[in-house]
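For reference, structure.cif (mmCIF, C-alpha atoms):
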```
data_entry
loop_
_atom_site.group_PDB
_atom_site.id
_atom_site.type_symbol
_atom_site.label_atom_id
_atom_site.label_comp_id
_atom_site.auth_asym_id
_atom_site.auth_seq_id
_atom_site.Cartn_x
_atom_site.Cartn_y
_atom_site.Cartn_z
ATOM 1 C CA MET A 1 4.285 28.631 5.171
ATOM 2 C CA THR A 2 4.104 26.923 8.566
ATOM 3 C CA PRO A 3 6.553 27.361 11.458
ATOM 4 C CA PRO A 4 8.653 24.611 13.047
ATOM 5 C CA VAL A 5 6.588 21.867 14.706
ATOM 6 C CA PRO A 6 4.560 21.521 16.832
ATOM 7 C CA TYR A 7 1.536 23.379 15.477
ATOM 8 C CA TYR A 8 -2.011 22.289 14.700
ATOM 9 C CA ALA A 9 -3.863 21.216 11.556
ATOM 10 C CA VAL A 10 -7.648 21.254 11.265
ATOM 11 C CA ILE A 11 -8.653 18.895 8.470
ATOM 12 C CA PHE A 12 -12.140 19.639 7.150
ATOM 13 C CA THR A 13 -13.506 17.192 4.557
ATOM 14 C CA SER A 14 -16.923 17.785 3.053
ATOM 15 C CA LEU A 15 -19.449 16.758 0.460
ATOM 16 C CA ARG A 16 -21.600 19.575 -0.928
ATOM 17 C CA THR A 17 -25.313 19.463 -1.631
ATOM 18 C CA ASP A 18 -26.451 20.870 -4.988
ATOM 19 C CA GLU A 19 -28.004 23.851 -3.228
ATOM 20 C CA ASP A 20 -27.150 27.520 -3.421
ATOM 21 C CA ALA A 21 -23.793 27.488 -5.233
ATOM 22 C CA ALA A 22 -23.605 31.308 -5.311
ATOM 23 C CA GLY A 23 -24.346 31.705 -1.605
ATOM 24 C CA TYR A 24 -21.823 29.016 -0.770
ATOM 25 C CA ALA A 25 -19.048 30.561 -2.880
ATOM 26 C CA ASP A 26 -19.750 33.920 -1.279
ATOM 27 C CA MET A 27 -19.563 32.484 2.235
ATOM 28 C CA ALA A 28 -16.433 30.476 1.416
ATOM 29 C CA ASP A 29 -14.640 33.637 0.242
ATOM 30 C CA ARG A 30 -15.716 35.533 3.376
ATOM 31 C CA MET A 31 -14.576 32.717 5.674
ATOM 32 C CA VAL A 32 -11.164 32.513 3.969
ATOM 33 C CA ALA A 33 -10.634 36.240 4.569
ATOM 34 C CA LEU A 34 -12.022 36.148 8.104
ATOM 35 C CA ALA A 35 -10.012 33.113 9.231
ATOM 36 C CA ALA A 36 -6.814 34.691 7.898
ATOM 37 C CA ARG A 37 -7.300 37.601 10.301
ATOM 38 C CA GLN A 38 -7.686 35.418 13.424
ATOM 39 C CA PRO A 39 -4.905 35.295 16.024
ATOM 40 C CA GLY A 40 -2.867 32.141 15.649
ATOM 41 C CA PHE A 41 -3.826 31.503 12.024
ATOM 42 C CA LEU A 42 -0.832 30.098 10.093
ATOM 43 C CA GLY A 43 -2.190 29.236 6.659
ATOM 44 C CA VAL A 44 -4.693 27.229 4.611
ATOM 45 C CA GLU A 45 -4.604 24.696 1.781
ATOM 46 C CA SER A 46 -7.734 23.683 -0.056
ATOM 47 C CA ALA A 47 -8.896 21.560 -2.995
ATOM 48 C CA ARG A 48 -12.224 20.224 -4.186
ATOM 49 C CA GLU A 49 -12.617 17.309 -6.581
ATOM 50 C CA GLY A 50 -16.025 15.866 -5.725
ATOM 51 C CA MET A 51 -15.009 15.785 -2.075
ATOM 52 C CA GLY A 52 -13.608 19.002 -0.649
ATOM 53 C CA ILE A 53 -10.549 19.024 1.611
ATOM 54 C CA THR A 54 -9.518 22.157 3.491
ATOM 55 C CA VAL A 55 -6.597 22.076 5.901
ATOM 56 C CA ARG A 56 -6.135 25.116 8.107
ATOM 57 C CA TYR A 57 -3.007 25.477 10.222
ATOM 58 C CA TRP A 58 -3.078 27.094 13.662
ATOM 59 C CA ARG A 59 -0.599 27.930 16.384
ATOM 60 C CA ASP A 60 -2.442 26.155 19.187
ATOM 61 C CA LEU A 61 -5.755 24.747 20.421
ATOM 62 C CA ALA A 62 -6.839 28.098 21.882
ATOM 63 C CA SER A 63 -6.714 29.707 18.408
ATOM 64 C CA ILE A 64 -8.824 26.866 16.975
ATOM 65 C CA LYS A 65 -11.374 27.195 19.763
ATOM 66 C CA ALA A 66 -11.665 30.968 19.271
ATOM 67 C CA TRP A 67 -12.187 30.551 15.505
ATOM 68 C CA LYS A 68 -14.857 27.885 16.061
ATOM 69 C CA ALA A 69 -16.723 30.321 18.351
ATOM 70 C CA ASN A 70 -16.376 33.367 16.045
ATOM 71 C CA ALA A 71 -19.875 34.869 15.605
ATOM 72 C CA GLU A 72 -19.843 35.143 11.807
ATOM 73 C CA HIS A 73 -18.256 31.708 11.516
ATOM 74 C CA LEU A 74 -21.014 30.249 13.738
ATOM 75 C CA LEU A 75 -23.639 31.566 11.287
ATOM 76 C CA ALA A 76 -21.712 29.989 8.397
ATOM 77 C CA GLN A 77 -21.508 26.662 10.267
ATOM 78 C CA GLN A 78 -25.291 26.771 10.787
ATOM 79 C CA ALA A 79 -25.966 27.522 7.104
ATOM 80 C CA GLY A 80 -23.506 24.779 6.214
ATOM 81 C CA ARG A 81 -25.591 22.221 8.079
ATOM 82 C CA SER A 82 -28.982 23.487 6.859
ATOM 83 C CA ASP A 83 -28.066 24.107 3.189
ATOM 84 C CA TRP A 84 -24.610 23.547 1.824
ATOM 85 C CA TYR A 85 -23.196 20.278 3.139
ATOM 86 C CA ALA A 86 -24.512 16.751 2.744
ATOM 87 C CA ARG A 87 -21.839 15.741 5.232
ATOM 88 C CA TYR A 88 -18.578 16.859 6.690
ATOM 89 C CA LYS A 89 -15.959 15.806 9.175
ATOM 90 C CA THR A 90 -13.583 17.966 11.176
ATOM 91 C CA ARG A 91 -10.352 16.545 12.579
ATOM 92 C CA ILE A 92 -8.110 18.440 14.969
ATOM 93 C CA ALA A 93 -4.549 17.168 14.805
ATOM 94 C CA LYS A 94 -1.211 18.129 16.293
ATOM 95 C CA VAL A 95 1.545 18.234 13.666
ATOM 96 C CA GLU A 96 4.519 16.442 15.193
ATOM 97 C CA ARG A 97 6.799 16.284 12.168
ATOM 98 C CA ASP A 98 6.992 17.788 8.705
ATOM 99 C CA TYR A 99 9.379 17.747 5.769
ATOM 100 C CA GLY A 100 9.236 18.835 2.182
ATOM 101 C CA PHE A 101 10.805 18.983 -1.233
ATOM 102 C CA ASP A 102 11.361 21.798 -3.727
ATOM 103 C CA LYS A 103 12.561 20.883 -7.180
ATOM 104 C CA PRO A 104 15.894 22.568 -7.892
ATOM 105 C CA ALA A 105 15.467 25.181 -10.653
ATOM 106 C CA MET B 106 -14.234 5.585 8.240
ATOM 107 C CA THR B 107 -11.744 6.298 11.019
ATOM 108 C CA PRO B 108 -11.834 4.817 14.543
ATOM 109 C CA PRO B 109 -12.150 6.782 17.795
ATOM 110 C CA VAL B 110 -9.223 9.142 18.462
ATOM 111 C CA PRO B 111 -6.295 9.080 18.798
ATOM 112 C CA TYR B 112 -5.021 8.014 15.398
ATOM 113 C CA TYR B 113 -2.675 9.637 12.881
ATOM 114 C CA ALA B 114 -3.150 11.732 9.740
ATOM 115 C CA VAL B 115 -0.427 12.171 7.127
ATOM 116 C CA ILE B 116 -1.195 15.318 5.135
ATOM 117 C CA PHE B 117 0.571 15.335 1.764
ATOM 118 C CA THR B 118 0.230 18.538 -0.280
ATOM 119 C CA SER B 119 1.836 18.756 -3.694
ATOM 120 C CA LEU B 120 2.242 20.726 -6.866
ATOM 121 C CA ARG B 121 2.741 18.660 -10.023
ATOM 122 C CA THR B 122 5.135 19.344 -12.842
ATOM 123 C CA ASP B 123 3.714 19.050 -16.390
ATOM 124 C CA GLU B 124 5.727 15.885 -16.956
ATOM 125 C CA ASP B 125 4.588 12.348 -17.586
ATOM 126 C CA ALA B 126 0.861 12.547 -16.757
ATOM 127 C CA ALA B 127 0.271 8.909 -17.757
ATOM 128 C CA GLY B 128 3.147 7.556 -15.676
ATOM 129 C CA TYR B 129 2.026 9.627 -12.720
ATOM 130 C CA ALA B 130 -1.595 8.461 -12.906
ATOM 131 C CA ASP B 131 -0.411 4.881 -13.144
ATOM 132 C CA MET B 132 1.841 5.233 -10.087
ATOM 133 C CA ALA B 133 -0.886 7.047 -8.137
ATOM 134 C CA ASP B 134 -3.325 4.175 -8.733
ATOM 135 C CA ARG B 135 -0.713 1.605 -7.695
ATOM 136 C CA MET B 136 0.160 3.522 -4.524
ATOM 137 C CA VAL B 137 -3.525 3.834 -3.539
ATOM 138 C CA ALA B 138 -3.934 0.069 -3.826
ATOM 139 C CA LEU B 139 -0.618 -0.695 -2.121
ATOM 140 C CA ALA B 140 -1.139 1.686 0.823
ATOM 141 C CA ALA B 141 -4.586 0.217 1.441
ATOM 142 C CA ARG B 142 -2.979 -3.180 2.046
ATOM 143 C CA GLN B 143 -0.489 -1.946 4.661
ATOM 144 C CA PRO B 144 -0.980 -2.857 8.334
ATOM 145 C CA GLY B 145 -2.465 0.055 10.248
ATOM 146 C CA PHE B 146 -3.953 1.780 7.198
ATOM 147 C CA LEU B 147 -7.315 3.347 8.106
ATOM 148 C CA GLY B 148 -8.355 5.287 5.011
ATOM 149 C CA VAL B 149 -7.543 8.032 2.516
ATOM 150 C CA GLU B 150 -9.141 11.233 1.248
ATOM 151 C CA SER B 151 -7.785 13.031 -1.782
ATOM 152 C CA ALA B 152 -8.545 16.017 -4.027
ATOM 153 C CA ARG B 153 -6.609 17.987 -6.627
ATOM 154 C CA GLU B 154 -7.524 21.482 -7.788
ATOM 155 C CA GLY B 155 -4.224 22.983 -8.911
ATOM 156 C CA MET B 156 -2.676 21.904 -5.607
ATOM 157 C CA GLY B 157 -3.196 18.295 -4.595
ATOM 158 C CA ILE B 158 -4.092 17.303 -1.045
ATOM 159 C CA THR B 159 -4.020 13.682 0.074
ATOM 160 C CA VAL B 160 -4.720 12.782 3.691
ATOM 161 C CA ARG B 161 -3.998 9.219 4.723
ATOM 162 C CA TYR B 162 -5.089 7.939 8.117
ATOM 163 C CA TRP B 163 -3.020 5.440 10.102
ATOM 164 C CA ARG B 164 -3.289 3.639 13.406
ATOM 165 C CA ASP B 165 0.095 4.725 14.752
ATOM 166 C CA LEU B 166 3.577 6.055 13.942
ATOM 167 C CA ALA B 167 4.965 2.572 13.362
ATOM 168 C CA SER B 168 2.502 2.005 10.489
ATOM 169 C CA ILE B 169 3.507 5.329 8.921
ATOM 170 C CA LYS B 170 7.202 4.511 9.212
ATOM 171 C CA ALA B 171 6.710 1.082 7.619
ATOM 172 C CA TRP B 172 4.771 2.588 4.688
ATOM 173 C CA LYS B 173 7.444 5.247 4.137
ATOM 174 C CA ALA B 174 10.078 2.472 3.922
ATOM 175 C CA ASN B 175 8.042 0.176 1.634
ATOM 176 C CA ALA B 176 10.282 -0.762 -1.326
ATOM 177 C CA GLU B 177 7.827 0.029 -4.124
ATOM 178 C CA HIS B 178 6.787 3.214 -2.356
ATOM 179 C CA LEU B 179 10.455 4.283 -2.088
ATOM 180 C CA LEU B 180 10.776 3.987 -5.881
ATOM 181 C CA ALA B 181 7.631 6.095 -6.297
ATOM 182 C CA GLN B 182 9.006 8.729 -3.912
ATOM 183 C CA GLN B 183 12.221 8.856 -5.943
ATOM 184 C CA ALA B 184 10.343 9.253 -9.255
ATOM 185 C CA GLY B 185 8.166 11.874 -7.557
ATOM 186 C CA ARG B 186 11.221 14.001 -6.824
ATOM 187 C CA SER B 187 12.912 13.476 -10.185
ATOM 188 C CA ASP B 188 9.842 13.831 -12.435
ATOM 189 C CA TRP B 189 6.364 14.412 -11.067
ATOM 190 C CA TYR B 190 6.455 17.004 -8.310
ATOM 191 C CA ALA B 191 7.579 20.618 -8.434
ATOM 192 C CA ARG B 192 7.208 20.610 -4.667
ATOM 193 C CA TYR B 193 5.508 18.780 -1.875
ATOM 194 C CA LYS B 194 5.182 18.816 1.879
ATOM 195 C CA THR B 195 4.390 15.950 4.230
ATOM 196 C CA ARG B 196 2.958 16.571 7.682
ATOM 197 C CA ILE B 197 2.559 13.854 10.291
ATOM 198 C CA ALA B 198 -0.147 14.759 12.783
ATOM 199 C CA LYS B 199 -1.855 13.071 15.709
ATOM 200 C CA VAL B 200 -5.648 13.426 15.524
ATOM 201 C CA GLU B 201 -6.771 14.391 19.011
ATOM 202 C CA ARG B 202 -10.416 15.158 18.313
ATOM 203 C CA ASP B 203 -12.924 14.679 15.526
ATOM 204 C CA TYR B 204 -16.615 15.306 14.923
ATOM 205 C CA GLY B 205 -18.890 15.292 11.939
ATOM 206 C CA PHE B 206 -22.264 15.936 10.431
ATOM 207 C CA ASP B 207 -24.560 13.894 8.217
ATOM 208 C CA LYS B 208 -27.553 15.640 6.719
ATOM 209 C CA PRO B 209 -30.730 13.875 7.854
ATOM 210 C CA ALA B 210 -32.429 12.229 4.876
#
```

Write out the structure in this file as structure tokens.
Amino acid sequence: MTPPVPYYAVIFTSLRTDEDAAGYADMADRMVALAARQPGFLGVESAREGMGITVRYWRDLASIKAWKANAEHLLAQQAGRSDWYARYKTRIAKVERDYGFDKPA
Amino acid sequence: MTPPVPYYAVIFTSLRTDEDAAGYADMADRMVALAARQPGFLGVESAREGMGITVRYWRDLASIKAWKANAEHLLAQQAGRSDWYARYKTRIAKVERDYGFDKPA
């Protein structure tokens, strides 16, 4: 899914409020689709189990900066702070090494 | 939870097999406790929703290397490949920037 290193990972961890589950789900779907169309987007992995963890992969810092400043994304960030998130943390990290495993069939 | 940047994130994403749920849960608990005692360990965040995502934070590359070579952890890695995981990917990334939000009470 991701190219040879180096590339970037943006690790977003969050705790939801109880508010507006439908509005949140709607926004989350829109942001997934919108991010996937941004230049430099490489992929996303996401799971929620109490805490939510979303890791988006990007080609470089310029792509991350452009996505952060995207107009529709800015509105979602604002609604996130006013309604949907009790807290979150964003970490921007340069992937220096990766390796994996696929079980032989 | 984490100190000022820079520090390291190890992003471990995985897909489980259907095998040995009890043995896996047992190992997972042991590895959480064991990792937390390693020098340079800063914290962990984890969620599973189909795919599992575990992000461990470390002070530096030397701490990560020592944890990877830990004897009990090596046995767990081996059992992971033979039994528990259909696939996984490990990414070692240097956190260059972070910021967060806490909803005012």

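Neighbours of segment 10-18 of chain A closer than or equal to 7 Å, with all atoms listed in the file counted and sequence neighbours fewer than 3 positions away skipped, come out as Met51, Gly52, Ile53, Thr54, Val55, Arg56, Tyr57, Trp84, Tyr85, Ala86, Arg87, Tyr88, Lys89, Thr90, Arg91, Ile92 and Ala93 of chain A.
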
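Atom CA of Lys94 of chain A sits 27.6 Å away from atom CA of Gln183 of chain B.
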
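Relative to atom CA of Gly155 of chain B, atom CA of Arg135 of chain B is found at 21.7 Å.
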
Starting from the shown file, work through the PyMOL selection byres ((chain B and resi 147) around 7) and note down what comes out as number ranges by chain. B: 107, 145-146, 148, 162-164

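For the residues B:Val149, B:Met132, B:Leu139, B:Leu179, ranking by smallest atom-to-atom distance to chain A using all atoms listed in the file places B:Val149 first.
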
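The closest residue to chain B, picked from A:Ala71, A:Ile64, A:Ala47, A:Val32 and counting all atoms listed in the file, is A:Ala47.
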
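Minimum distance to chain A across B:Glu150, B:Asp131, B:Asp125, B:Asp165 (counting only C-alpha atoms) occurs at B:Glu150.
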
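The space between atom CA of Lys170 of chain B and atom CA of Gly128 of chain B spans 25.4 Å.
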
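Minimum atom-to-atom distances from A:Ala21, A:Ala105, A:Asp98, A:Gln77 to chain B were compared using all atoms listed in the file, and the lowest value belongs to A:Asp98.
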
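Nearest to chain B of all the residues A:Met31, A:Leu75, A:Met1, A:Ala22 is A:Met1, counting all atoms listed in the file.
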
What residues come out when you apply the PyMOL selection byres ((chain A and resi 5) around 7) to this file, written as a PyMOL selection string? chain A and resi 3-4+6-7+95-97

Between B:Ala138, B:Arg153, B:His178, B:Ala130, single out the one closest to chain A, counting all atoms listed in the file. B:Arg153

Missing atoms in segment 124-157 of chain B need filling: write out N, CA and C atoms for it as a JSON list (two decimals), in the coordinates of the input.
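Saved to result04.json:
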```json
[["chain", "number", "residue", "atom", "x", "y", "z"],
["B", 124, "GLU", "N", 5.13, 17.07, -16.34],
["B", 124, "GLU", "CA", 5.73, 15.88, -16.96],
["B", 124, "GLU", "C", 4.97, 14.58, -16.69],
["B", 125, "ASP", "N", 4.90, 13.76, -17.72],
["B", 125, "ASP", "CA", 4.59, 12.35, -17.59],
["B", 125, "ASP", "C", 3.26, 12.09, -16.87],
["B", 126, "ALA", "N", 2.17, 12.69, -17.39],
["B", 126, "ALA", "CA", 0.86, 12.55, -16.76],
["B", 126, "ALA", "C", 0.43, 11.08, -16.67],
["B", 127, "ALA", "N", 0.71, 10.31, -17.74],
["B", 127, "ALA", "CA", 0.27, 8.91, -17.76],
["B", 127, "ALA", "C", 1.02, 8.09, -16.71],
["B", 128, "GLY", "N", 2.34, 8.27, -16.66],
["B", 128, "GLY", "CA", 3.15, 7.56, -15.68],
["B", 128, "GLY", "C", 2.75, 7.91, -14.25],
["B", 129, "TYR", "N", 2.45, 9.18, -14.04],
["B", 129, "TYR", "CA", 2.03, 9.63, -12.72],
["B", 129, "TYR", "C", 0.70, 8.99, -12.31],
["B", 130, "ALA", "N", -0.27, 9.01, -13.22],
["B", 130, "ALA", "CA", -1.60, 8.46, -12.91],
["B", 130, "ALA", "C", -1.49, 6.97, -12.58],
["B", 131, "ASP", "N", -0.65, 6.29, -13.34],
["B", 131, "ASP", "CA", -0.41, 4.88, -13.14],
["B", 131, "ASP", "C", 0.17, 4.62, -11.75],
["B", 132, "MET", "N", 1.21, 5.38, -11.40],
["B", 132, "MET", "CA", 1.84, 5.23, -10.09],
["B", 132, "MET", "C", 0.84, 5.55, -8.98],
["B", 133, "ALA", "N", 0.07, 6.62, -9.17],
["B", 133, "ALA", "CA", -0.89, 7.05, -8.14],
["B", 133, "ALA", "C", -1.88, 5.92, -7.85],
["B", 134, "ASP", "N", -2.39, 5.29, -8.91],
["B", 134, "ASP", "CA", -3.32, 4.18, -8.73],
["B", 134, "ASP", "C", -2.66, 3.02, -7.98],
["B", 135, "ARG", "N", -1.41, 2.72, -8.36],
["B", 135, "ARG", "CA", -0.71, 1.60, -7.70],
["B", 135, "ARG", "C", -0.48, 1.90, -6.22],
["B", 136, "MET", "N", -0.12, 3.17, -5.91],
["B", 136, "MET", "CA", 0.16, 3.52, -4.52],
["B", 136, "MET", "C", -1.12, 3.50, -3.68],
["B", 137, "VAL", "N", -2.25, 3.91, -4.26],
["B", 137, "VAL", "CA", -3.52, 3.83, -3.54],
["B", 137, "VAL", "C", -3.81, 2.39, -3.13],
["B", 138, "ALA", "N", -3.64, 1.48, -4.09],
["B", 138, "ALA", "CA", -3.93, 0.07, -3.83],
["B", 138, "ALA", "C", -2.94, -0.53, -2.83],
["B", 139, "LEU", "N", -1.67, -0.14, -2.98],
["B", 139, "LEU", "CA", -0.62, -0.70, -2.12],
["B", 139, "LEU", "C", -0.75, -0.18, -0.68],
["B", 140, "ALA", "N", -0.99, 1.10, -0.52],
["B", 140, "ALA", "CA", -1.14, 1.69, 0.82],
["B", 140, "ALA", "C", -2.31, 1.03, 1.56],
["B", 141, "ALA", "N", -3.38, 0.78, 0.82],
["B", 141, "ALA", "CA", -4.59, 0.22, 1.44],
["B", 141, "ALA", "C", -4.34, -1.18, 2.01],
["B", 142, "ARG", "N", -3.28, -1.84, 1.54],
["B", 142, "ARG", "CA", -2.98, -3.18, 2.05],
["B", 142, "ARG", "C", -1.99, -3.16, 3.21],
["B", 143, "GLN", "N", -1.48, -2.00, 3.58],
["B", 143, "GLN", "CA", -0.49, -1.95, 4.66],
["B", 143, "GLN", "C", -1.15, -2.11, 6.02],
["B", 144, "PRO", "N", -0.46, -2.77, 6.96],
["B", 144, "PRO", "CA", -0.98, -2.86, 8.33],
["B", 144, "PRO", "C", -1.13, -1.45, 8.93],
["B", 145, "GLY", "N", -2.25, -1.23, 9.59],
["B", 145, "GLY", "CA", -2.46, 0.06, 10.25],
["B", 145, "GLY", "C", -3.09, 1.12, 9.38],
["B", 146, "PHE", "N", -3.30, 0.80, 8.09],
["B", 146, "PHE", "CA", -3.95, 1.78, 7.20],
["B", 146, "PHE", "C", -5.43, 1.89, 7.55],
["B", 147, "LEU", "N", -5.92, 3.14, 7.70],
["B", 147, "LEU", "CA", -7.32, 3.35, 8.11],
["B", 147, "LEU", "C", -8.19, 3.96, 7.02],
["B", 148, "GLY", "N", -7.55, 4.66, 6.05],
["B", 148, "GLY", "CA", -8.36, 5.29, 5.01],
["B", 148, "GLY", "C", -7.60, 6.42, 4.34],
["B", 149, "VAL", "N", -8.19, 6.95, 3.26],
["B", 149, "VAL", "CA", -7.54, 8.03, 2.52],
["B", 149, "VAL", "C", -8.61, 8.96, 1.95],
["B", 150, "GLU", "N", -8.29, 10.24, 1.90],
["B", 150, "GLU", "CA", -9.14, 11.23, 1.25],
["B", 150, "GLU", "C", -8.23, 12.09, 0.39],
["B", 151, "SER", "N", -8.68, 12.41, -0.82],
["B", 151, "SER", "CA", -7.78, 13.03, -1.78],
["B", 151, "SER", "C", -8.55, 13.96, -2.71],
["B", 152, "ALA", "N", -7.96, 15.10, -3.05],
["B", 152, "ALA", "CA", -8.54, 16.02, -4.03],
["B", 152, "ALA", "C", -7.41, 16.80, -4.68],
["B", 153, "ARG", "N", -7.57, 17.11, -5.97],
["B", 153, "ARG", "CA", -6.61, 17.99, -6.63],
["B", 153, "ARG", "C", -7.36, 19.09, -7.34],
["B", 154, "GLU", "N", -6.91, 20.31, -7.13],
["B", 154, "GLU", "CA", -7.52, 21.48, -7.79],
["B", 154, "GLU", "C", -6.37, 22.48, -7.88],
["B", 155, "GLY", "N", -5.51, 22.27, -8.90],
["B", 155, "GLY", "CA", -4.22, 22.98, -8.91],
["B", 155, "GLY", "C", -3.32, 22.26, -7.93],
["B", 156, "MET", "N", -3.38, 22.63, -6.66],
["B", 156, "MET", "CA", -2.68, 21.90, -5.61],
["B", 156, "MET", "C", -3.39, 20.58, -5.31],
["B", 157, "GLY", "N", -2.61, 19.57, -5.02],
["B", 157, "GLY", "CA", -3.20, 18.30, -4.60],
["B", 157, "GLY", "C", -3.08, 18.13, -3.10]]
```
